[in-house]
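Report on the structure given below.
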Amino acid sequence: EPEVTQTPSHQVTQMGQEVILRCVPISNHLYFYWYRQILGQKVEFLVSFYNNEISEKSEIFDDQFSVERPDGSNFTLKIRSTKLEDSAMYFCASFPGGSGYTFGSGTRLTVV
Amino acid sequence: AQSVTQLGSHVSVSEGALVLLRCNYSSSVPPYLFWYVQYPNQGLQLLLKYTTGATLVKGINGFEAEFKKSETSFHLTKPSAHMSDAAEYFCAVSPAAGGSYIPTFGRGTSLIVHP
(Lines give C-alpha, C1' and ligand atoms only; values in the text may rest on other atoms or scores of the structure.)
Protein backbone atom coordinates (compact mmCIF):
# COMPACT_ATOMS: atom_id res chain seq x y z
CA GLU A 1 0.00 0.00 0.00
CA PRO A 2 1.34 3.46 -0.85
CA GLU A 3 2.90 5.35 2.03
CA VAL A 4 3.73 8.89 3.01
CA THR A 5 7.39 9.06 3.95
CA GLN A 6 8.81 11.59 6.38
CA THR A 7 12.43 12.33 7.13
CA PRO A 8 14.14 12.60 9.50
CA SER A 9 12.27 10.61 12.13
CA HIS A 10 13.84 12.66 14.89
CA GLN A 11 15.63 16.01 14.76
CA VAL A 12 17.24 17.94 17.55
CA THR A 13 18.01 21.59 16.93
CA GLN A 14 19.21 24.60 18.83
CA MET A 15 16.74 27.36 19.57
CA GLY A 16 16.87 30.00 16.85
CA GLN A 17 18.05 27.60 14.16
CA GLU A 18 16.19 26.83 10.96
CA VAL A 19 14.86 23.35 10.34
CA ILE A 20 13.38 21.72 7.28
CA LEU A 21 11.10 18.74 7.68
CA ARG A 22 10.68 16.62 4.61
CA CYS A 23 7.79 14.57 3.32
CA VAL A 24 7.18 12.50 0.22
CA PRO A 25 3.41 12.28 -0.24
CA ILE A 26 1.61 9.69 -2.31
CA SER A 27 2.26 10.61 -5.91
CA ASN A 28 -1.26 10.81 -7.30
CA HIS A 29 -2.74 12.63 -4.32
CA LEU A 30 -3.91 16.20 -4.71
CA TYR A 31 -3.97 17.67 -1.22
CA PHE A 32 -1.12 17.86 1.23
CA TYR A 33 -1.08 18.82 4.87
CA TRP A 34 1.12 19.43 7.85
CA TYR A 35 -0.11 18.79 11.36
CA ARG A 36 1.67 18.92 14.67
CA GLN A 37 1.16 17.16 17.96
CA ILE A 38 2.74 18.58 21.07
CA LEU A 39 3.50 15.76 23.47
CA GLY A 40 0.32 14.47 25.07
CA GLN A 41 -1.90 16.93 23.28
CA LYS A 42 -4.23 16.91 20.32
CA VAL A 43 -3.28 16.74 16.67
CA GLU A 44 -3.41 20.32 15.35
CA PHE A 45 -3.76 21.47 11.76
CA LEU A 46 -1.02 23.72 10.47
CA VAL A 47 -1.44 24.13 6.72
CA SER A 48 -2.96 22.58 3.62
CA PHE A 49 -1.48 22.74 0.13
CA TYR A 50 -3.30 22.26 -3.14
CA ASN A 51 -2.42 23.04 -6.72
CA ASN A 52 1.04 24.20 -5.69
CA GLU A 53 -0.11 26.79 -3.22
CA ILE A 54 -1.33 27.12 0.34
CA SER A 55 -5.09 26.62 0.43
CA GLU A 56 -5.60 27.13 4.15
CA LYS A 57 -3.52 27.72 7.24
CA SER A 58 -4.19 27.86 10.94
CA GLU A 59 -3.31 30.53 13.47
CA ILE A 60 -0.32 28.43 14.45
CA PHE A 61 1.16 28.76 10.96
CA ASP A 62 2.69 32.20 11.39
CA ASP A 63 5.49 33.91 9.52
CA GLN A 64 8.16 31.60 10.87
CA PHE A 65 6.62 28.68 8.97
CA SER A 66 6.68 28.05 5.25
CA VAL A 67 5.92 25.14 2.95
CA GLU A 68 7.17 24.19 -0.46
CA ARG A 69 6.75 21.46 -3.03
CA PRO A 70 9.91 22.23 -4.93
CA ASP A 71 10.13 19.32 -7.32
CA GLY A 72 6.67 17.81 -7.58
CA SER A 73 7.41 15.02 -5.15
CA ASN A 74 8.87 16.39 -1.92
CA PHE A 75 6.73 18.53 0.38
CA THR A 76 8.69 20.46 2.98
CA LEU A 77 7.90 22.40 6.11
CA LYS A 78 10.45 25.02 7.10
CA ILE A 79 10.62 26.63 10.51
CA ARG A 80 12.88 29.67 10.23
CA SER A 81 13.82 30.38 13.81
CA THR A 82 12.85 27.57 16.12
CA LYS A 83 11.50 28.17 19.61
CA LEU A 84 11.29 25.79 22.51
CA GLU A 85 7.53 25.60 22.04
CA ASP A 86 8.00 24.26 18.51
CA SER A 87 9.06 20.96 20.02
CA ALA A 88 6.44 18.51 18.81
CA MET A 89 5.74 15.63 16.46
CA TYR A 90 5.09 16.94 12.98
CA PHE A 91 2.95 14.86 10.64
CA CYS A 92 2.62 15.15 6.91
CA ALA A 93 -0.51 13.82 5.20
CA SER A 94 -1.81 13.49 1.70
CA PHE A 95 -5.31 13.04 0.36
CA PRO A 96 -6.57 12.05 -3.07
CA GLY A 97 -9.77 14.04 -2.80
CA GLY A 98 -12.32 11.36 -2.10
CA SER A 99 -11.08 8.84 0.38
CA GLY A 100 -8.95 8.55 3.48
CA TYR A 101 -6.02 10.67 4.46
CA THR A 102 -2.68 8.94 4.65
CA PHE A 103 -0.34 10.18 7.33
CA GLY A 104 3.38 9.75 7.57
CA SER A 105 5.00 8.36 10.68
CA GLY A 106 6.07 11.82 11.76
CA THR A 107 9.19 13.77 12.61
CA ARG A 108 9.83 14.37 16.27
CA LEU A 109 11.37 17.83 16.57
CA THR A 110 13.16 18.67 19.78
CA VAL A 111 14.30 22.26 20.26
CA VAL A 112 16.93 22.73 22.95
CA ALA B 1 -17.10 24.68 10.79
CA GLN B 2 -16.48 21.27 12.23
CA SER B 3 -15.47 19.81 15.55
CA VAL B 4 -14.99 16.46 17.21
CA THR B 5 -15.64 15.46 20.80
CA GLN B 6 -14.20 12.27 22.16
CA LEU B 7 -15.80 11.35 25.45
CA GLY B 8 -13.26 10.08 27.93
CA SER B 9 -9.57 10.82 27.66
CA HIS B 10 -8.88 7.34 29.04
CA VAL B 11 -10.83 4.10 28.67
CA SER B 12 -9.78 1.03 30.59
CA VAL B 13 -10.96 -2.48 29.72
CA SER B 14 -9.98 -6.02 30.53
CA GLU B 15 -8.53 -8.26 27.88
CA GLY B 16 -11.42 -9.95 26.09
CA ALA B 17 -13.93 -7.27 27.00
CA LEU B 18 -15.85 -5.05 24.63
CA VAL B 19 -14.12 -1.87 23.54
CA LEU B 20 -16.27 1.23 23.01
CA LEU B 21 -14.67 4.56 22.21
CA ARG B 22 -17.08 7.42 21.74
CA CYS B 23 -16.93 10.13 19.12
CA ASN B 24 -19.43 12.86 18.40
CA TYR B 25 -18.94 15.39 15.67
CA SER B 26 -20.41 18.57 14.36
CA SER B 27 -20.19 19.60 10.75
CA SER B 28 -22.04 22.14 8.65
CA VAL B 29 -21.71 19.91 5.57
CA PRO B 30 -21.88 16.12 5.11
CA PRO B 31 -18.84 14.66 6.79
CA TYR B 32 -16.15 12.17 6.13
CA LEU B 33 -15.32 10.42 9.40
CA PHE B 34 -12.18 8.61 10.42
CA TRP B 35 -10.61 6.74 13.27
CA TYR B 36 -6.84 6.70 13.60
CA VAL B 37 -4.66 4.78 16.02
CA GLN B 38 -1.33 5.94 17.36
CA TYR B 39 1.03 3.56 19.12
CA PRO B 40 3.69 5.08 21.37
CA ASN B 41 6.24 7.13 19.46
CA GLN B 42 4.66 6.25 16.14
CA GLY B 43 2.57 7.97 13.50
CA LEU B 44 -1.14 7.94 12.81
CA GLN B 45 -2.50 4.79 11.24
CA LEU B 46 -5.93 4.75 9.63
CA LEU B 47 -8.21 2.22 11.33
CA LEU B 48 -11.32 2.87 9.29
CA LYS B 49 -13.25 5.55 7.48
CA TYR B 50 -16.76 6.49 6.52
CA THR B 51 -17.19 8.41 3.29
CA THR B 52 -20.46 7.31 1.70
CA GLY B 53 -22.62 4.22 1.54
CA ALA B 54 -22.90 1.66 4.31
CA THR B 55 -23.02 3.31 7.71
CA LEU B 56 -21.37 0.38 9.49
CA VAL B 57 -17.75 0.32 8.46
CA LYS B 58 -15.21 -2.31 9.27
CA GLY B 59 -11.57 -1.58 9.71
CA ILE B 60 -8.32 -3.25 10.55
CA ASN B 61 -7.61 -5.27 13.68
CA GLY B 62 -11.28 -6.18 14.21
CA PHE B 63 -12.52 -2.64 14.80
CA GLU B 64 -15.72 -1.26 13.40
CA ALA B 65 -17.68 1.97 13.67
CA GLU B 66 -21.18 3.06 12.84
CA PHE B 67 -22.09 6.43 11.41
CA LYS B 68 -25.31 7.63 13.01
CA LYS B 69 -26.34 10.87 11.41
CA SER B 70 -29.27 11.48 13.75
CA GLU B 71 -26.95 11.21 16.75
CA THR B 72 -23.95 12.85 15.03
CA SER B 73 -21.89 9.98 16.31
CA PHE B 74 -19.20 7.66 15.01
CA HIS B 75 -18.36 5.38 17.91
CA LEU B 76 -15.59 2.82 17.58
CA THR B 77 -16.10 -0.72 18.84
CA LYS B 78 -14.30 -4.01 19.05
CA PRO B 79 -15.94 -7.12 20.51
CA SER B 80 -12.90 -8.42 22.34
CA ALA B 81 -9.91 -6.35 23.42
CA HIS B 82 -6.36 -7.58 23.02
CA MET B 83 -3.35 -6.32 24.92
CA SER B 84 -1.96 -5.11 21.59
CA ASP B 85 -4.90 -2.70 21.22
CA ALA B 86 -3.47 -0.43 23.92
CA ALA B 87 -2.83 2.85 22.14
CA GLU B 88 -4.17 6.35 21.57
CA TYR B 89 -7.22 6.57 19.33
CA PHE B 90 -8.22 9.69 17.44
CA CYS B 91 -11.53 10.42 15.78
CA ALA B 92 -11.43 12.92 12.91
CA VAL B 93 -13.96 14.66 10.69
CA SER B 94 -13.52 16.42 7.40
CA PRO B 95 -16.02 18.01 5.06
CA ALA B 96 -17.11 15.77 2.21
CA ALA B 97 -17.66 18.81 0.04
CA GLY B 98 -16.61 22.41 -0.13
CA GLY B 99 -13.03 21.97 -1.17
CA SER B 100 -11.11 22.41 2.04
CA TYR B 101 -10.95 18.74 2.98
CA ILE B 102 -9.12 19.55 6.17
CA PRO B 103 -9.59 16.92 8.87
CA THR B 104 -10.18 18.08 12.42
CA PHE B 105 -9.11 15.73 15.17
CA GLY B 106 -10.55 15.01 18.55
CA ARG B 107 -8.33 15.16 21.61
CA GLY B 108 -7.82 11.42 21.58
CA THR B 109 -8.74 8.55 23.87
CA SER B 110 -6.09 6.44 25.46
CA LEU B 111 -7.17 2.79 25.53
CA ILE B 112 -5.73 0.81 28.42
CA VAL B 113 -6.09 -2.96 28.33
CA HIS B 114 -5.65 -4.95 31.55
CA PRO B 115 -4.70 -8.61 31.54
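Note on naming: chains are A, B, ... as they come in the C-alpha coordinates, residues start from 1 per chain, ligands start from 1 in the order shown.
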task = Enumerate as a VMD selection string the residues belonging to chain A that approach chain B to within 9 Å, with only C-alpha atoms taken into account.
result = chain A and resid 31 33 41 to 45 47 to 48 55 to 56 89 91 95 97 to 108
Can you list every residue in region 28-103 of chain B that DSSP puts in strand (DSSP E), as a PDB file with N, CA and C atoms, in the first residue's frame?
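Result file part03.pdb:
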ATOM      1  N   PRO B  31     -20.207  14.910   6.360  1.00  0.00           N
ATOM      2  CA  PRO B  31     -18.838  14.659   6.785  1.00  0.00           C
ATOM      3  C   PRO B  31     -18.227  13.385   6.215  1.00  0.00           C
ATOM      4  N   TYR B  32     -16.914  13.389   6.150  1.00  0.00           N
ATOM      5  CA  TYR B  32     -16.145  12.169   6.131  1.00  0.00           C
ATOM      6  C   TYR B  32     -15.696  11.956   7.578  1.00  0.00           C
ATOM      7  N   LEU B  33     -15.685  10.716   8.021  1.00  0.00           N
ATOM      8  CA  LEU B  33     -15.319  10.419   9.401  1.00  0.00           C
ATOM      9  C   LEU B  33     -14.235   9.349   9.427  1.00  0.00           C
ATOM     10  N   PHE B  34     -13.336   9.484  10.364  1.00  0.00           N
ATOM     11  CA  PHE B  34     -12.177   8.605  10.421  1.00  0.00           C
ATOM     12  C   PHE B  34     -11.850   8.256  11.874  1.00  0.00           C
ATOM     13  N   TRP B  35     -11.274   7.089  12.031  1.00  0.00           N
ATOM     14  CA  TRP B  35     -10.608   6.743  13.272  1.00  0.00           C
ATOM     15  C   TRP B  35      -9.159   6.393  12.936  1.00  0.00           C
ATOM     16  N   TYR B  36      -8.260   6.990  13.728  1.00  0.00           N
ATOM     17  CA  TYR B  36      -6.839   6.701  13.598  1.00  0.00           C
ATOM     18  C   TYR B  36      -6.328   6.143  14.923  1.00  0.00           C
ATOM     19  N   VAL B  37      -5.314   5.305  14.824  1.00  0.00           N
ATOM     20  CA  VAL B  37      -4.664   4.780  16.022  1.00  0.00           C
ATOM     21  C   VAL B  37      -3.216   5.228  16.030  1.00  0.00           C
ATOM     22  N   GLN B  38      -2.727   5.535  17.207  1.00  0.00           N
ATOM     23  CA  GLN B  38      -1.332   5.940  17.362  1.00  0.00           C
ATOM     24  C   GLN B  38      -0.711   5.127  18.477  1.00  0.00           C
ATOM     25  N   GLN B  45      -2.128   5.855  12.173  1.00  0.00           N
ATOM     26  CA  GLN B  45      -2.500   4.794  11.241  1.00  0.00           C
ATOM     27  C   GLN B  45      -4.016   4.761  11.106  1.00  0.00           C
ATOM     28  N   LEU B  46      -4.494   4.761   9.869  1.00  0.00           N
ATOM     29  CA  LEU B  46      -5.925   4.746   9.628  1.00  0.00           C
ATOM     30  C   LEU B  46      -6.512   3.399  10.033  1.00  0.00           C
ATOM     31  N   LEU B  47      -7.493   3.437  10.929  1.00  0.00           N
ATOM     32  CA  LEU B  47      -8.212   2.224  11.329  1.00  0.00           C
ATOM     33  C   LEU B  47      -9.385   1.962  10.391  1.00  0.00           C
ATOM     34  N   LEU B  48     -10.162   3.000  10.151  1.00  0.00           N
ATOM     35  CA  LEU B  48     -11.322   2.874   9.288  1.00  0.00           C
ATOM     36  C   LEU B  48     -11.834   4.255   8.924  1.00  0.00           C
ATOM     37  N   LYS B  49     -12.713   4.273   7.930  1.00  0.00           N
ATOM     38  CA  LYS B  49     -13.248   5.552   7.479  1.00  0.00           C
ATOM     39  C   LYS B  49     -14.672   5.358   6.982  1.00  0.00           C
ATOM     40  N   TYR B  50     -15.455   6.411   7.147  1.00  0.00           N
ATOM     41  CA  TYR B  50     -16.762   6.493   6.522  1.00  0.00           C
ATOM     42  C   TYR B  50     -16.716   7.639   5.523  1.00  0.00           C
ATOM     43  N   LEU B  56     -22.219   1.205   8.616  1.00  0.00           N
ATOM     44  CA  LEU B  56     -21.372   0.384   9.492  1.00  0.00           C
ATOM     45  C   LEU B  56     -20.106   0.052   8.707  1.00  0.00           C
ATOM     46  N   VAL B  57     -18.996   0.535   9.182  1.00  0.00           N
ATOM     47  CA  VAL B  57     -17.747   0.323   8.460  1.00  0.00           C
ATOM     48  C   VAL B  57     -16.811  -0.538   9.294  1.00  0.00           C
ATOM     49  N   LYS B  58     -16.156  -1.420   8.606  1.00  0.00           N
ATOM     50  CA  LYS B  58     -15.209  -2.311   9.274  1.00  0.00           C
ATOM     51  C   LYS B  58     -13.791  -1.881   8.931  1.00  0.00           C
ATOM     52  N   GLU B  64     -14.675  -1.755  14.264  1.00  0.00           N
ATOM     53  CA  GLU B  64     -15.720  -1.256  13.396  1.00  0.00           C
ATOM     54  C   GLU B  64     -16.343  -0.012  14.023  1.00  0.00           C
ATOM     55  N   ALA B  65     -17.026   0.754  13.190  1.00  0.00           N
ATOM     56  CA  ALA B  65     -17.678   1.973  13.671  1.00  0.00           C
ATOM     57  C   ALA B  65     -18.946   2.183  12.871  1.00  0.00           C
ATOM     58  N   GLU B  66     -19.915   2.802  13.508  1.00  0.00           N
ATOM     59  CA  GLU B  66     -21.184   3.057  12.844  1.00  0.00           C
ATOM     60  C   GLU B  66     -21.464   4.547  12.801  1.00  0.00           C
ATOM     61  N   PHE B  67     -21.715   5.038  11.608  1.00  0.00           N
ATOM     62  CA  PHE B  67     -22.086   6.426  11.411  1.00  0.00           C
ATOM     63  C   PHE B  67     -23.588   6.563  11.687  1.00  0.00           C
ATOM     64  N   LYS B  68     -23.911   7.371  12.690  1.00  0.00           N
ATOM     65  CA  LYS B  68     -25.314   7.633  13.010  1.00  0.00           C
ATOM     66  C   LYS B  68     -25.563   9.129  12.848  1.00  0.00           C
ATOM     67  N   SER B  73     -22.880  10.787  15.612  1.00  0.00           N
ATOM     68  CA  SER B  73     -21.887   9.983  16.312  1.00  0.00           C
ATOM     69  C   SER B  73     -21.172   9.032  15.360  1.00  0.00           C
ATOM     70  N   PHE B  74     -20.024   8.603  15.787  1.00  0.00           N
ATOM     71  CA  PHE B  74     -19.201   7.657  15.009  1.00  0.00           C
ATOM     72  C   PHE B  74     -18.363   6.888  16.027  1.00  0.00           C
ATOM     73  N   HIS B  75     -19.042   6.100  16.842  1.00  0.00           N
ATOM     74  CA  HIS B  75     -18.361   5.376  17.915  1.00  0.00           C
ATOM     75  C   HIS B  75     -17.589   4.177  17.377  1.00  0.00           C
ATOM     76  N   LEU B  76     -16.472   3.926  17.985  1.00  0.00           N
ATOM     77  CA  LEU B  76     -15.588   2.822  17.581  1.00  0.00           C
ATOM     78  C   LEU B  76     -15.773   1.656  18.542  1.00  0.00           C
ATOM     79  N   THR B  77     -15.924   0.450  17.990  1.00  0.00           N
ATOM     80  CA  THR B  77     -16.099  -0.722  18.840  1.00  0.00           C
ATOM     81  C   THR B  77     -15.219  -1.867  18.377  1.00  0.00           C
ATOM     82  N   LYS B  78     -14.970  -2.744  19.329  1.00  0.00           N
ATOM     83  CA  LYS B  78     -14.296  -4.015  19.048  1.00  0.00           C
ATOM     84  C   LYS B  78     -14.838  -5.009  20.054  1.00  0.00           C
ATOM     85  N   ALA B  87      -3.358   1.785  22.998  1.00  0.00           N
ATOM     86  CA  ALA B  87      -2.832   2.855  22.136  1.00  0.00           C
ATOM     87  C   ALA B  87      -3.706   4.088  22.328  1.00  0.00           C
ATOM     88  N   GLU B  88      -3.348   5.137  21.604  1.00  0.00           N
ATOM     89  CA  GLU B  88      -4.172   6.353  21.570  1.00  0.00           C
ATOM     90  C   GLU B  88      -5.015   6.301  20.309  1.00  0.00           C
ATOM     91  N   TYR B  89      -6.300   6.624  20.454  1.00  0.00           N
ATOM     92  CA  TYR B  89      -7.221   6.573  19.331  1.00  0.00           C
ATOM     93  C   TYR B  89      -7.788   7.972  19.080  1.00  0.00           C
ATOM     94  N   PHE B  90      -7.752   8.371  17.830  1.00  0.00           N
ATOM     95  CA  PHE B  90      -8.224   9.695  17.437  1.00  0.00           C
ATOM     96  C   PHE B  90      -9.360   9.567  16.431  1.00  0.00           C
ATOM     97  N   CYS B  91     -10.425  10.268  16.720  1.00  0.00           N
ATOM     98  CA  CYS B  91     -11.525  10.416  15.776  1.00  0.00           C
ATOM     99  C   CYS B  91     -11.300  11.712  14.996  1.00  0.00           C
ATOM    100  N   ALA B  92     -11.630  11.716  13.718  1.00  0.00           N
ATOM    101  CA  ALA B  92     -11.431  12.917  12.908  1.00  0.00           C
ATOM    102  C   ALA B  92     -12.606  13.081  11.961  1.00  0.00           C
ATOM    103  N   VAL B  93     -12.899  14.332  11.636  1.00  0.00           N
ATOM    104  CA  VAL B  93     -13.962  14.662  10.690  1.00  0.00           C
ATOM    105  C   VAL B  93     -13.424  15.624   9.658  1.00  0.00           C
ATOM    106  N   SER B  94     -13.855  15.440   8.428  1.00  0.00           N
ATOM    107  CA  SER B  94     -13.520  16.421   7.403  1.00  0.00           C
ATOM    108  C   SER B  94     -14.759  16.636   6.542  1.00  0.00           C
ATOM    109  N   PRO B  95     -14.846  17.786   5.907  1.00  0.00           N
ATOM    110  CA  PRO B  95     -16.017  18.013   5.059  1.00  0.00           C
ATOM    111  C   PRO B  95     -15.940  17.155   3.799  1.00  0.00           C
TER     112      PRO B  95
END
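One finds CA of Ile54 (chain A) at 23.5 Å from CA of Glu85 (chain A).
When only C-alpha atoms are used to measure the gap to Ala81 (chain B), the shortest distance among B:Ala54, B:Ile112, B:Ala1, B:Leu18 belongs to B:Leu18.
Non-sequential neighbours of Gly72 (chain A) (distance at most 10 Å, separation of 5 or more positions within a chain, only C-alpha atoms) are Val24, Pro25, Ser27 and Asn52 of chain A.
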ask   = How many Å lie between CA of Val4 (chain B) and CA of Ser28 (chain B), rounded to one decimal?
value = 12.5 Å
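Minimum distance to Lys57 (chain A) across A:Arg22, A:Asp71, A:Lys78, A:Tyr35 (counting only C-alpha atoms) occurs at A:Tyr35.
Those residues that approach Gly16 (chain A) to within 7 Å, counting only C-alpha atoms, are Ser81, Thr82 and Lys83 of chain A; same-chain residues fewer than 4 positions away are not listed.
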Selected residues written out, C-alpha atoms, as a PDB file, in the first residue's frame:
ATOM      1  CA  SER A  81      13.823  30.379  13.813  1.00  0.00           C
ATOM      2  CA  THR A  82      12.847  27.572  16.121  1.00  0.00           C
ATOM      3  CA  LYS A  83      11.503  28.171  19.609  1.00  0.00           C
TER       4      LYS A  83
END
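When only C-alpha atoms are used to compute distances to Thr7 (chain A), the closest of the residues A:Ile38, A:Leu21, A:Phe49, A:Arg69 turns out to be A:Leu21.
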